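Undergrad: Quick one: the structure is below, questions incoming.
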Amino acid sequence: MFTGIVEEVGHVTSLRAKPQAMELTIACALILEDIKRGDSISINGVCLTVSTYDQHSFTVDVIPETVKSSTMSDLRTGARVNLERAMPANGRFGGHFVSGHVDGVGVIRSVKKESNAVTKTIELESSLMKYMMVKGSISVDGTSLTVFSVGKNTVAISLIPTTQEDSLLGEKGIGERVNIECDLLAKYTERIQQSDKPEMSRSWLAEHGF
């Protein structure tokens, strides 16, 4: 589980392609402070597992399903990536619940500078739009953000100066692809409503103490 608060920007030092899969080695500093084999690291919003590491970098395997459903295939040697370690149980929760399980890929369609903020409009797959609401949460390339407006197939997010400086999202421009994770609570709510249990009606809520 992650918060969507990017801790560090690392860079890909090695990329080994396999049949429909990848092995990435990423150089960084902060992330390595307490790293161990088996740790979960969010890389551009994708939760991946550390297989090996040394004093300068760590390596992860990317399976075919992750390659297909994220922007991992866009990466090249030298590419910079957003990094976040899994949330500690005794840490502050600065963002929102982010699982690192990407729901789809969005494309930046417009970028607008507004005073100290940068607003970006992102086109989403139509299947993701049902999870979008104004003032709702969204993770873009592993960055926790608030949805400021919703169009037919687009959402707008606004980046504060800190986000522009501490993550790669501020650098991304029109036409670039980004990993999208919808709000976890919205997805769970939908799944509950689609289950074989009684519909979440007013009487059902009252019966269960709500």
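Following the order of the structure tokens, chains are lettered A, B, ..., residues in each are numbered from 1, and ligands are numbered from 1.
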Name the residues in contact with Met129 (chain A) at a cut-off of 10 Å, using only C-alpha atoms, excluding same-chain residues fewer than 6 positions from it; report them as a VMD selection string.
TA: chain A and resid 123 150 to 155 182
Undergrad: Let's see if you can do this: from backbone DSSP, list all helix (DSSP H, G or I) residues in chain A, as a PyMOL selection string.
TA: chain A and resi 30-34+64-69+72-74+126-131+161-166+169-171+184-194+202-207
Undergrad: Store the residues picked out above in a file with C-alpha atoms, as a compact mmCIF listing (two decimals), in the first residue's frame.
TA:
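The resulting selection-v6.txt:
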```txt
# COMPACT_ATOMS: atom_id res chain seq x y z
CA LEU A 30 16.76 7.42 -0.58
CA ILE A 31 14.86 4.28 -1.53
CA LEU A 32 17.96 2.18 -0.83
CA GLU A 33 18.30 3.31 2.80
CA ASP A 34 16.30 0.40 4.22
CA PRO A 64 3.46 -9.62 -19.10
CA GLU A 65 0.16 -8.44 -17.55
CA THR A 66 1.88 -5.36 -16.07
CA VAL A 67 3.61 -4.59 -19.37
CA LYS A 68 0.26 -4.71 -21.17
CA SER A 69 -1.70 -2.60 -18.68
CA MET A 72 6.31 0.25 -18.48
CA SER A 73 6.92 -0.64 -22.14
CA ASP A 74 7.62 3.08 -22.81
CA SER A 126 -14.01 5.20 -21.15
CA SER A 127 -14.20 2.30 -18.68
CA LEU A 128 -12.41 4.40 -16.04
CA MET A 129 -14.67 7.45 -16.19
CA LYS A 130 -17.30 5.96 -13.84
CA TYR A 131 -14.76 6.22 -11.01
CA PRO A 161 4.80 23.70 -7.05
CA THR A 162 5.99 20.93 -4.71
CA THR A 163 4.53 18.24 -6.97
CA GLN A 164 6.04 19.90 -10.02
CA GLU A 165 9.47 19.81 -8.37
CA ASP A 166 9.38 16.44 -6.60
CA LEU A 169 4.51 14.69 -13.73
CA GLY A 170 5.34 18.38 -14.00
CA GLU A 171 7.67 17.65 -16.93
CA LEU A 184 -9.60 2.28 -4.35
CA LEU A 185 -12.69 2.95 -2.24
CA ALA A 186 -14.79 3.63 -5.34
CA LYS A 187 -13.75 0.30 -6.86
CA TYR A 188 -14.55 -1.63 -3.67
CA THR A 189 -17.94 0.07 -3.41
CA GLU A 190 -18.75 -0.91 -7.00
CA ARG A 191 -17.73 -4.52 -6.37
CA ILE A 192 -19.92 -4.76 -3.26
CA GLN A 193 -22.90 -3.43 -5.19
CA GLN A 194 -22.32 -5.99 -7.96
CA ARG A 202 -31.70 2.50 2.84
CA SER A 203 -33.34 -0.43 4.64
CA TRP A 204 -30.21 -2.63 4.18
CA LEU A 205 -28.02 0.09 5.70
CA ALA A 206 -30.40 0.55 8.65
CA GLU A 207 -30.45 -3.20 9.25
```
Undergrad: Skip Val9 (chain A) itself and residues of its chain fewer than 3 positions away, then list as a list in words all residues within 8 Å of it, counting only C-alpha atoms.
TA: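 What passes the distance filter is Val6, Cys28, Arg80, Val81, Asn82, Leu83, Asp166, Ser167 and Leu168 of chain A.
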Undergrad: Would you mind exporting the chosen residues as an mmCIF file, in the first residue's frame, restricted to all heavy atoms?
TA:
```
data_model
loop_
_atom_site.group_PDB
_atom_site.id
_atom_site.type_symbol
_atom_site.label_atom_id
_atom_site.label_comp_id
_atom_site.auth_asym_id
_atom_site.auth_seq_id
_atom_site.Cartn_x
_atom_site.Cartn_y
_atom_site.Cartn_z
ATOM 1 N N VAL A 6 5.373 10.931 -3.882
ATOM 2 C CA VAL A 6 6.632 10.487 -4.468
ATOM 3 C C VAL A 6 7.794 10.865 -3.547
ATOM 4 O O VAL A 6 7.919 12.011 -3.127
ATOM 5 C CB VAL A 6 6.835 11.098 -5.869
ATOM 6 C CG1 VAL A 6 8.212 10.760 -6.425
ATOM 7 C CG2 VAL A 6 5.736 10.600 -6.815
ATOM 8 N N CYS A 28 19.069 4.912 -7.504
ATOM 9 C CA CYS A 28 18.446 5.878 -6.611
ATOM 10 C C CYS A 28 19.289 5.971 -5.346
ATOM 11 O O CYS A 28 20.362 5.369 -5.268
ATOM 12 C CB CYS A 28 17.007 5.461 -6.287
ATOM 13 S SG CYS A 28 16.885 3.801 -5.588
ATOM 14 N N ARG A 80 13.813 8.569 -16.410
ATOM 15 C CA ARG A 80 13.609 8.895 -15.003
ATOM 16 C C ARG A 80 12.236 8.403 -14.566
ATOM 17 O O ARG A 80 11.273 8.415 -15.350
ATOM 18 C CB ARG A 80 13.749 10.404 -14.798
ATOM 19 C CG ARG A 80 15.115 10.931 -15.202
ATOM 20 C CD ARG A 80 15.144 12.436 -15.263
ATOM 21 N NE ARG A 80 15.070 13.019 -13.934
ATOM 22 C CZ ARG A 80 14.380 14.114 -13.634
ATOM 23 N NH1 ARG A 80 13.658 14.721 -14.564
ATOM 24 N NH2 ARG A 80 14.390 14.602 -12.408
ATOM 25 N N VAL A 81 12.140 7.967 -13.302
ATOM 26 C CA VAL A 81 10.899 7.367 -12.806
ATOM 27 C C VAL A 81 10.594 7.843 -11.389
ATOM 28 O O VAL A 81 11.500 8.079 -10.585
ATOM 29 C CB VAL A 81 10.980 5.817 -12.820
ATOM 30 C CG1 VAL A 81 10.952 5.286 -14.241
ATOM 31 C CG2 VAL A 81 12.227 5.319 -12.086
ATOM 32 N N ASN A 82 9.286 7.967 -11.093
ATOM 33 C CA ASN A 82 8.832 8.291 -9.739
ATOM 34 C C ASN A 82 8.950 7.049 -8.864
ATOM 35 O O ASN A 82 8.557 5.951 -9.269
ATOM 36 C CB ASN A 82 7.369 8.744 -9.756
ATOM 37 C CG ASN A 82 7.172 10.085 -10.414
ATOM 38 O OD1 ASN A 82 8.036 10.941 -10.362
ATOM 39 N ND2 ASN A 82 6.019 10.277 -11.044
ATOM 40 N N LEU A 83 9.464 7.234 -7.632
ATOM 41 C CA LEU A 83 9.642 6.116 -6.719
ATOM 42 C C LEU A 83 8.999 6.409 -5.362
ATOM 43 O O LEU A 83 9.076 7.526 -4.870
ATOM 44 C CB LEU A 83 11.136 5.827 -6.498
ATOM 45 C CG LEU A 83 11.968 5.485 -7.729
ATOM 46 C CD1 LEU A 83 13.444 5.379 -7.352
ATOM 47 C CD2 LEU A 83 11.486 4.188 -8.377
ATOM 48 N N ASP A 166 8.996 17.703 -7.211
ATOM 49 C CA ASP A 166 9.378 16.436 -6.600
ATOM 50 C C ASP A 166 8.976 15.202 -7.392
ATOM 51 O O ASP A 166 9.321 14.078 -7.006
ATOM 52 C CB ASP A 166 8.787 16.332 -5.196
ATOM 53 C CG ASP A 166 9.380 17.356 -4.238
ATOM 54 O OD1 ASP A 166 10.364 18.026 -4.611
ATOM 55 O OD2 ASP A 166 8.845 17.490 -3.121
ATOM 56 N N SER A 167 8.233 15.367 -8.469
ATOM 57 C CA SER A 167 7.842 14.223 -9.293
ATOM 58 C C SER A 167 8.055 14.563 -10.764
ATOM 59 O O SER A 167 8.338 15.716 -11.112
ATOM 60 C CB SER A 167 6.376 13.847 -9.049
ATOM 61 O OG SER A 167 5.504 14.735 -9.724
ATOM 62 N N LEU A 168 7.903 13.568 -11.607
ATOM 63 C CA LEU A 168 8.114 13.770 -13.046
ATOM 64 C C LEU A 168 6.882 14.310 -13.754
ATOM 65 O O LEU A 168 6.971 14.711 -14.910
ATOM 66 C CB LEU A 168 8.508 12.440 -13.698
ATOM 67 C CG LEU A 168 9.848 11.848 -13.260
ATOM 68 C CD1 LEU A 168 10.054 10.500 -13.911
ATOM 69 C CD2 LEU A 168 10.977 12.802 -13.612
#
```
Undergrad: What parts of region 79-177 of chain A does DSSP call strand (DSSP E or B)? I'd like the answer as a VMD selection string.
TA: chain A and resid 80 to 85 98 104 to 114 117 to 123 137 to 140 143 to 150 154 to 159 177
Undergrad: What's the 8 Å shell around region 105-107 of chain A, counting only C-alpha atoms, without same-chain residues fewer than 4 positions away, as a PyMOL selection string?
TA: chain A and resi 69-71+122-125+174-180
Undergrad: Restricted to all heavy atoms, what would the selected residues look like written as an mmCIF file, in the first residue's frame?
TA:
```cif
data_model
loop_
_atom_site.group_PDB
_atom_site.id
_atom_site.type_symbol
_atom_site.label_atom_id
_atom_site.label_comp_id
_atom_site.auth_asym_id
_atom_site.auth_seq_id
_atom_site.Cartn_x
_atom_site.Cartn_y
_atom_site.Cartn_z
ATOM 1 N N SER A 69 -0.726 -3.508 -19.280
ATOM 2 C CA SER A 69 -1.702 -2.599 -18.677
ATOM 3 C C SER A 69 -1.108 -1.296 -18.142
ATOM 4 O O SER A 69 -1.820 -0.507 -17.514
ATOM 5 C CB SER A 69 -2.429 -3.318 -17.530
ATOM 6 O OG SER A 69 -1.505 -3.704 -16.522
ATOM 7 N N SER A 70 0.173 -1.050 -18.406
ATOM 8 C CA SER A 70 0.816 0.169 -17.897
ATOM 9 C C SER A 70 1.739 0.759 -18.954
ATOM 10 O O SER A 70 1.824 0.256 -20.083
ATOM 11 C CB SER A 70 1.628 -0.157 -16.628
ATOM 12 O OG SER A 70 2.799 -0.897 -16.959
ATOM 13 N N THR A 71 2.440 1.817 -18.568
ATOM 14 C CA THR A 71 3.377 2.469 -19.496
ATOM 15 C C THR A 71 4.797 1.923 -19.361
ATOM 16 O O THR A 71 5.738 2.528 -19.867
ATOM 17 C CB THR A 71 3.411 3.989 -19.250
ATOM 18 O OG1 THR A 71 3.918 4.239 -17.915
ATOM 19 C CG2 THR A 71 2.043 4.609 -19.391
ATOM 20 N N ILE A 122 -6.250 15.112 -18.901
ATOM 21 C CA ILE A 122 -5.824 13.770 -19.266
ATOM 22 C C ILE A 122 -7.015 13.001 -19.835
ATOM 23 O O ILE A 122 -8.077 12.929 -19.213
ATOM 24 C CB ILE A 122 -5.263 13.020 -18.047
ATOM 25 C CG1 ILE A 122 -4.099 13.817 -17.438
ATOM 26 C CG2 ILE A 122 -4.806 11.617 -18.442
ATOM 27 C CD1 ILE A 122 -3.601 13.251 -16.123
ATOM 28 N N GLU A 123 -6.829 12.433 -21.020
ATOM 29 C CA GLU A 123 -7.856 11.583 -21.616
ATOM 30 C C GLU A 123 -7.726 10.176 -21.052
ATOM 31 O O GLU A 123 -6.637 9.607 -21.025
ATOM 32 C CB GLU A 123 -7.711 11.551 -23.131
ATOM 33 C CG GLU A 123 -8.765 10.711 -23.830
ATOM 34 C CD GLU A 123 -8.601 10.692 -25.332
ATOM 35 O OE1 GLU A 123 -7.733 11.434 -25.851
ATOM 36 O OE2 GLU A 123 -9.326 9.927 -25.988
ATOM 37 N N LEU A 124 -8.847 9.620 -20.602
ATOM 38 C CA LEU A 124 -8.859 8.292 -20.000
ATOM 39 C C LEU A 124 -9.637 7.304 -20.856
ATOM 40 O O LEU A 124 -10.470 7.692 -21.683
ATOM 41 C CB LEU A 124 -9.496 8.340 -18.603
ATOM 42 C CG LEU A 124 -8.904 9.292 -17.574
ATOM 43 C CD1 LEU A 124 -9.645 9.139 -16.256
ATOM 44 C CD2 LEU A 124 -7.419 9.038 -17.382
ATOM 45 N N GLU A 125 -9.375 6.032 -20.640
ATOM 46 C CA GLU A 125 -10.198 4.995 -21.238
ATOM 47 C C GLU A 125 -11.617 5.159 -20.695
ATOM 48 O O GLU A 125 -11.809 5.462 -19.514
ATOM 49 C CB GLU A 125 -9.637 3.623 -20.882
ATOM 50 C CG GLU A 125 -8.213 3.409 -21.368
ATOM 51 C CD GLU A 125 -7.536 2.231 -20.691
ATOM 52 O OE1 GLU A 125 -8.251 1.373 -20.124
ATOM 53 O OE2 GLU A 125 -6.292 2.163 -20.716
ATOM 54 N N ILE A 174 2.009 17.283 -23.660
ATOM 55 C CA ILE A 174 0.899 16.815 -24.492
ATOM 56 C C ILE A 174 1.307 15.579 -25.295
ATOM 57 O O ILE A 174 2.380 15.536 -25.896
ATOM 58 C CB ILE A 174 0.434 17.946 -25.429
ATOM 59 C CG1 ILE A 174 -0.155 19.089 -24.600
ATOM 60 C CG2 ILE A 174 -0.588 17.438 -26.447
ATOM 61 C CD1 ILE A 174 -0.462 20.329 -25.403
ATOM 62 N N GLY A 175 0.443 14.579 -25.277
ATOM 63 C CA GLY A 175 0.681 13.343 -26.014
ATOM 64 C C GLY A 175 1.388 12.266 -25.218
ATOM 65 O O GLY A 175 1.426 11.102 -25.650
ATOM 66 N N GLU A 176 1.939 12.600 -24.053
ATOM 67 C CA GLU A 176 2.646 11.593 -23.258
ATOM 68 C C GLU A 176 1.659 10.742 -22.461
ATOM 69 O O GLU A 176 0.615 11.206 -22.016
ATOM 70 C CB GLU A 176 3.657 12.254 -22.336
ATOM 71 C CG GLU A 176 4.808 12.913 -23.087
ATOM 72 C CD GLU A 176 5.974 13.234 -22.175
ATOM 73 O OE1 GLU A 176 6.648 12.296 -21.685
ATOM 74 O OE2 GLU A 176 6.205 14.437 -21.948
ATOM 75 N N ARG A 177 2.022 9.476 -22.294
ATOM 76 C CA ARG A 177 1.168 8.513 -21.598
ATOM 77 C C ARG A 177 1.517 8.460 -20.119
ATOM 78 O O ARG A 177 2.670 8.610 -19.734
ATOM 79 C CB ARG A 177 1.323 7.119 -22.212
ATOM 80 C CG ARG A 177 1.050 7.083 -23.701
ATOM 81 C CD ARG A 177 0.770 5.679 -24.217
ATOM 82 N NE ARG A 177 1.658 4.661 -23.675
ATOM 83 C CZ ARG A 177 1.324 3.379 -23.532
ATOM 84 N NH1 ARG A 177 0.113 2.978 -23.877
ATOM 85 N NH2 ARG A 177 2.191 2.484 -23.069
ATOM 86 N N VAL A 178 0.489 8.231 -19.299
ATOM 87 C CA VAL A 178 0.672 8.166 -17.851
ATOM 88 C C VAL A 178 -0.141 7.005 -17.287
ATOM 89 O O VAL A 178 -1.194 6.643 -17.808
ATOM 90 C CB VAL A 178 0.231 9.483 -17.157
ATOM 91 C CG1 VAL A 178 1.209 10.602 -17.472
ATOM 92 C CG2 VAL A 178 -1.186 9.880 -17.567
ATOM 93 N N ASN A 179 0.376 6.419 -16.203
ATOM 94 C CA ASN A 179 -0.348 5.345 -15.516
ATOM 95 C C ASN A 179 -1.454 5.931 -14.647
ATOM 96 O O ASN A 179 -1.229 6.912 -13.934
ATOM 97 C CB ASN A 179 0.616 4.540 -14.637
ATOM 98 C CG ASN A 179 1.585 3.717 -15.451
ATOM 99 O OD1 ASN A 179 1.219 3.124 -16.461
ATOM 100 N ND2 ASN A 179 2.834 3.676 -15.020
ATOM 101 N N ILE A 180 -2.613 5.311 -14.696
ATOM 102 C CA ILE A 180 -3.783 5.782 -13.940
ATOM 103 C C ILE A 180 -4.243 4.704 -12.967
ATOM 104 O O ILE A 180 -4.442 3.547 -13.345
ATOM 105 C CB ILE A 180 -4.957 6.132 -14.881
ATOM 106 C CG1 ILE A 180 -4.559 7.228 -15.875
ATOM 107 C CG2 ILE A 180 -6.193 6.535 -14.067
ATOM 108 C CD1 ILE A 180 -4.285 8.577 -15.247
#
```
Undergrad: Just to confirm, what's the straight-line distance from CA of Phe97 (chain A) to CA of Ser137 (chain A) in Å (one decimal)?
TA: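 Going from CA of Phe97 (chain A) over to CA of Ser137 (chain A), I get 9.0 Å.
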Undergrad: With distances taken over only C-alpha atoms, which of A:Cys47, A:Ile5, A:Val147, A:Ala27 is nearest to Thr59 (chain A)?
TA: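 Smallest separation from Thr59 (chain A) among the options: A:Ala27.
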Undergrad: With only C-alpha atoms as the counted atoms, please give the residues lying no more than 9 Å from Ile157 (chain A), apart from itself and same-chain residues fewer than 4 positions off, as a list of chain:residue names.
TA: A:Val118, A:Thr119, A:Lys120, A:Thr121, A:Ile122, A:Ile138, A:Leu145, A:Thr146, A:Val147, A:Phe148, A:Ser149
Undergrad: Find the spatial neighbours of region 11-15 of chain A, counting only C-alpha atoms, within a cut-off of 6 Å - ignore same-chain residues fewer than 4 positions away - and output them as a list in words.
TA: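 Result of the neighbour search: Glu23, Leu24, Thr25, Ile26, Ala27, Thr77, Gly78, Ala79, Arg80 and Val81 of chain A.
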Undergrad: Got a sec: who's within 7 Å of Glu181 (chain A), counting only C-alpha atoms, leaving out chain neighbours fewer than 5 positions off, as a ChimeraX atom specification?
TA: /A:101-104,138-140
